[in-house]
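Engineer: My structure is below; once you've seen it, I'll send some questions.
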Amino acid sequence: MAILNKIRQRSLILILVIALALFAFVIQGVIDNPNAFSNTQGVIASVNGTDIDRMDFQQKVKNYQDRVGGRVTATQAMNTIYNQELRTIIMKDEYEALGLSVEKDEMRDLLKNSFQSYPEFQDENGIFDVNRLNAFISNLKDLKGEAAPLGNFMVNYESWSNNEQTIAANAMQQSYYSMIKAGVGATIEEAKDEYIADAKTVDIRFIQLPYTSIADSLVEVKTSDVKAYIDKNKEQFKVDANREVVYVEFKEEASKEDEEIIKAGLLGLKADKAEYNESSKNTDTIPGFDTVTDVAEFVNSNSDIKYNDSYLRAAQLPAVAKDTLMQLGVDQYYGPYKDGQYFKLSKVIDSKRLPDSVKVRHILIPFVGGQRADVSVTKTPEEAKKTADSILTAIKRGAKFMDLLELSSDQVSNEKDGEIEFAYNAGMAPEFKAFSFENKKGDIDVVQTSFGYHVIEILEQKSFNKAIKLATVAHKIEPSDKTLQDVFNKVSKFEIAAKDGDFNALAEERELTVKPVTFKALDENIPGLGSQRQVVRWAFEEGTDVGEFKRFSVSGFGFIVAKLVEKNEEGLMSVEDASVSAAPEIRKAKKAEMIRNKVTASTLADISKNQGQSIRTAAAVTMKNTTLAGAGVEPKVIGAAFGLKQGETSKLIDGERGVYVIEVTKITEANELDNYTSIMNRLSAARKNTVQGKVYQALEKAADIEDNRATTVY
């Protein structure tokens, strides 16, 4: 008791000490990370002053992932919802600026268009009744969050309201783009230009002085040249912030020793085993693969892949073993053999000749919950089975199969007298396929599949070939605990050495490949490793400096040790990176100048003679086709041709593949049309079709967007 009293007396002091410690911890966190408690932590993005709330955003992401299942990664789901939210805010601002809205009466009309086919909103004559719609909405309010049936769905007031908002937004969007499209079109003059660009032709003679005539080694591209080119073409070289990382891999994969142990384990399953039974105090004999009678149970108890009771053709067997397996007799083994991620030991259980294709006819009796069963199906599985059995009995007693087809729910096969013809590799229900191929012509029986109960009769079987039934015990090739520990030790030793050593040199000593990867702040994939947001986040953290490295665990793979080698902030591309695309263009411009300086003649004949290049021709050149026969795509050259008079020779033209001189030998004018309306309408339609995408792109580009995704939920 004395001790307890002392604790009580000093509890206030203890509380104060803990509080001060916590306060110091929080303050230190703020000092280390001044943005830790900023408002942006709760805001995914700010768009034109409107915030996308973090909690609301994450809930929408979760709802989206629930809808699509596992078909998208978390990052893909977040990007989808972000783009949806971005569009919603940007377009809402536009609607408000224009005064666009959906009034109550218009909303009722929109709801009518959307739901007039629903029986819940129709009167006794099948006519849409707005009063029933109003009553339904009122009832949803009264249910206070509970769901009510609507068609094949269950809806509550919140989901109904969200749907109304979507319908209203779609209506405003349609109005918005309709107004823009109303002001978009083409003029008669534009239609004439379009027609002439296709109908007017010129014939030319030309000389190409190719850039390849000057070796690249003779043209120096300086750093200052690249800088000047970047400044002149800034849009081309704008880049987002990115990080360059190199990494080495430490794979957790089975060693040769592990593989030998796995193979020995498979072979050890063949013989019977003597095992002491603690309960009976006797030594029992456990049947092995050689003597076991229940093969399916043996395989399922000892294999990582379940037993397959089907007969298999050669094409269905593992490619690495099919030739050998097809030559085995019953009770003979093959293996252990490696097939993908498994070692397998296979034993032939049976062999027979089976058809490669069959023709059957069937009657399908579905049940509630069966695959593709529609709302009209009411039978339970037991009732469906009873119906199918009675049909089979009737047929065996002499009833005609055709007379009972009206009982079948398979309307597609019913149109062909219930007949289906298919090959053994067709995508049929396994049970349906097994009966059709493994029984004889004329056999008839009831077979259950995921679709319901089938009464199947085999009409014809063709192309008989050998098929075998295999019992295969498969063990997955996985690293042992010892191997996993060895890998972990190698990673740890590499990390320790890398603290004071050269990353690349250490990797080379250990025969590890250094792999480079560059990514942006919102990227997630590393080639060969899949989604690795952890690595991207680390590389973009403020505290991660160039030269630092870190170990990462990669699920199903092992480990990587990554090193940050370069930080590139948003702006213009570095001179080194820009050189890849800039240098060829700079070199081309310098070659063009060198070629120009060599040309002194002015006629095609003289230039051809002096420069050793032949005169070529191109006939019926049009403005729309910028490909110059024998030279490639040359829009500048084609354009220059239409600026010359017949018989006129051009000055030197710097083209894509060389410097050109052209002479127009013939101009064929386009015949005037009586009416250009059809061309004008076509141009107008084409422009209207591109409005929606281009307008939104322009709005998004002009929007004031503060994107915090990389530092919040990502």
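By order in the structure tokens, chains are A, B, ...; within a chain, residues start at 1; ligands start at 1, following the order shown.
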Considering only strand (DSSP E or B) as DSSP defines it on the backbone, what residues of region 236-289 of chain A qualify? List them as a ChimeraX atom specification.

Structural biologist: /A:238-239,242-251,273-277,282-286

Engineer: I'd like the neighbourhood of region 627-635 of chain A as a ChimeraX atom specification, where a residue qualifies if any of its atoms comes within 10 Å (using only C-alpha atoms), though same-chain residues fewer than 4 positions away should be ignored.

Structural biologist: /A:206-208,210,616-619,621-623,639-641,654-658,660

Engineer: Just N, CA and C atoms for this one: save the residues we selected as a PDB file, in the first residue's frame.

Structural biologist:
```pdb
ATOM      1  N   PHE A 206      13.755  17.786-109.468  1.00  0.00           N
ATOM      2  CA  PHE A 206      14.452  18.242-108.255  1.00  0.00           C
ATOM      3  C   PHE A 206      15.783  17.520-108.083  1.00  0.00           C
ATOM      4  N   ILE A 207      16.629  18.186-107.323  1.00  0.00           N
ATOM      5  CA  ILE A 207      17.906  17.595-106.907  1.00  0.00           C
ATOM      6  C   ILE A 207      17.919  17.581-105.384  1.00  0.00           C
ATOM      7  N   GLN A 208      18.279  16.444-104.840  1.00  0.00           N
ATOM      8  CA  GLN A 208      18.455  16.333-103.390  1.00  0.00           C
ATOM      9  C   GLN A 208      19.938  16.236-103.086  1.00  0.00           C
ATOM     10  N   PRO A 210      21.862  15.254-100.151  1.00  0.00           N
ATOM     11  CA  PRO A 210      21.552  14.625 -98.862  1.00  0.00           C
ATOM     12  C   PRO A 210      22.523  15.001 -97.747  1.00  0.00           C
ATOM     13  N   ARG A 616      15.989  14.272-110.459  1.00  0.00           N
ATOM     14  CA  ARG A 616      14.859  13.344-110.365  1.00  0.00           C
ATOM     15  C   ARG A 616      13.556  14.085-110.629  1.00  0.00           C
ATOM     16  N   THR A 617      12.494  13.296-110.870  1.00  0.00           N
ATOM     17  CA  THR A 617      11.194  13.907-111.175  1.00  0.00           C
ATOM     18  C   THR A 617      10.127  13.372-110.231  1.00  0.00           C
ATOM     19  N   ALA A 618       9.113  14.195-110.070  1.00  0.00           N
ATOM     20  CA  ALA A 618       7.935  13.782-109.291  1.00  0.00           C
ATOM     21  C   ALA A 618       6.717  14.373-109.983  1.00  0.00           C
ATOM     22  N   ALA A 619       5.742  13.505-110.292  1.00  0.00           N
ATOM     23  CA  ALA A 619       4.560  13.950-111.039  1.00  0.00           C
ATOM     24  C   ALA A 619       3.340  14.000-110.138  1.00  0.00           C
ATOM     25  N   VAL A 621       2.165  16.066-107.897  1.00  0.00           N
ATOM     26  CA  VAL A 621       2.345  16.346-106.469  1.00  0.00           C
ATOM     27  C   VAL A 621       1.196  17.219-105.986  1.00  0.00           C
ATOM     28  N   THR A 622       0.642  16.894-104.812  1.00  0.00           N
ATOM     29  CA  THR A 622      -0.451  17.700-104.249  1.00  0.00           C
ATOM     30  C   THR A 622      -0.039  18.274-102.899  1.00  0.00           C
ATOM     31  N   MET A 623      -0.752  19.318-102.471  1.00  0.00           N
ATOM     32  CA  MET A 623      -0.461  19.948-101.185  1.00  0.00           C
ATOM     33  C   MET A 623      -0.781  19.012-100.021  1.00  0.00           C
ATOM     34  N   GLY A 639       5.630  22.436-100.181  1.00  0.00           N
ATOM     35  CA  GLY A 639       5.054  23.782-100.049  1.00  0.00           C
ATOM     36  C   GLY A 639       5.703  24.775-100.989  1.00  0.00           C
ATOM     37  N   ALA A 640       7.024  24.699-101.113  1.00  0.00           N
ATOM     38  CA  ALA A 640       7.747  25.612-102.009  1.00  0.00           C
ATOM     39  C   ALA A 640       7.330  25.409-103.456  1.00  0.00           C
ATOM     40  N   ALA A 641       7.050  24.150-103.831  1.00  0.00           N
ATOM     41  CA  ALA A 641       6.663  23.842-105.214  1.00  0.00           C
ATOM     42  C   ALA A 641       5.385  24.578-105.595  1.00  0.00           C
ATOM     43  N   ASP A 654      16.067  23.963 -97.319  1.00  0.00           N
ATOM     44  CA  ASP A 654      16.518  23.025 -96.284  1.00  0.00           C
ATOM     45  C   ASP A 654      15.370  22.084 -95.933  1.00  0.00           C
ATOM     46  N   GLY A 655      15.497  20.828 -96.378  1.00  0.00           N
ATOM     47  CA  GLY A 655      14.443  19.859 -96.123  1.00  0.00           C
ATOM     48  C   GLY A 655      14.759  18.949 -94.947  1.00  0.00           C
ATOM     49  N   GLU A 656      13.995  17.877 -94.824  1.00  0.00           N
ATOM     50  CA  GLU A 656      14.178  16.939 -93.720  1.00  0.00           C
ATOM     51  C   GLU A 656      15.394  16.038 -93.933  1.00  0.00           C
ATOM     52  N   ARG A 657      15.644  15.665 -95.197  1.00  0.00           N
ATOM     53  CA  ARG A 657      16.726  14.717 -95.464  1.00  0.00           C
ATOM     54  C   ARG A 657      17.868  15.302 -96.297  1.00  0.00           C
ATOM     55  N   GLY A 658      17.758  16.537 -96.641  1.00  0.00           N
ATOM     56  CA  GLY A 658      18.807  17.156 -97.429  1.00  0.00           C
ATOM     57  C   GLY A 658      18.407  18.557 -97.857  1.00  0.00           C
ATOM     58  N   TYR A 660      17.455  20.928-101.039  1.00  0.00           N
ATOM     59  CA  TYR A 660      16.809  20.662-102.324  1.00  0.00           C
ATOM     60  C   TYR A 660      16.809  21.908-103.206  1.00  0.00           C
TER      61      TYR A 660
END
```

Engineer: Write out as a list of chain:residue names which residues come within 12 Å of Val412 (chain A) when counting only C-alpha atoms, dropping same-chain ones fewer than 5 positions away.

Structural biologist: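 Answer for this query is A:Arg361, A:His362, A:Ile363, A:Leu364, A:Leu405, A:Asp417, A:Gly418, A:Glu419, A:Ile420.
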
Engineer: I'd like to know which residues of region 215-287 of chain A are helix (DSSP H, G or I) (by DSSP, run on the backbone); could you write them as a PyMOL selection string?

Structural biologist: chain A and resi 216-218+223-232+234-237+256-267

Engineer: Show me, as a list in words, the residues that have an atom within 10 Å of Tyr424 (chain A) when counting only C-alpha atoms, minus same-chain residues fewer than 5 positions from it.

Structural biologist: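 So, after excluding close chain neighbours, the residues are Leu312, Arg313, Leu354, Pro355, Asp356, Ser357, Val358, Lys433, Ala434, Ser436 and Phe437 of chain A.
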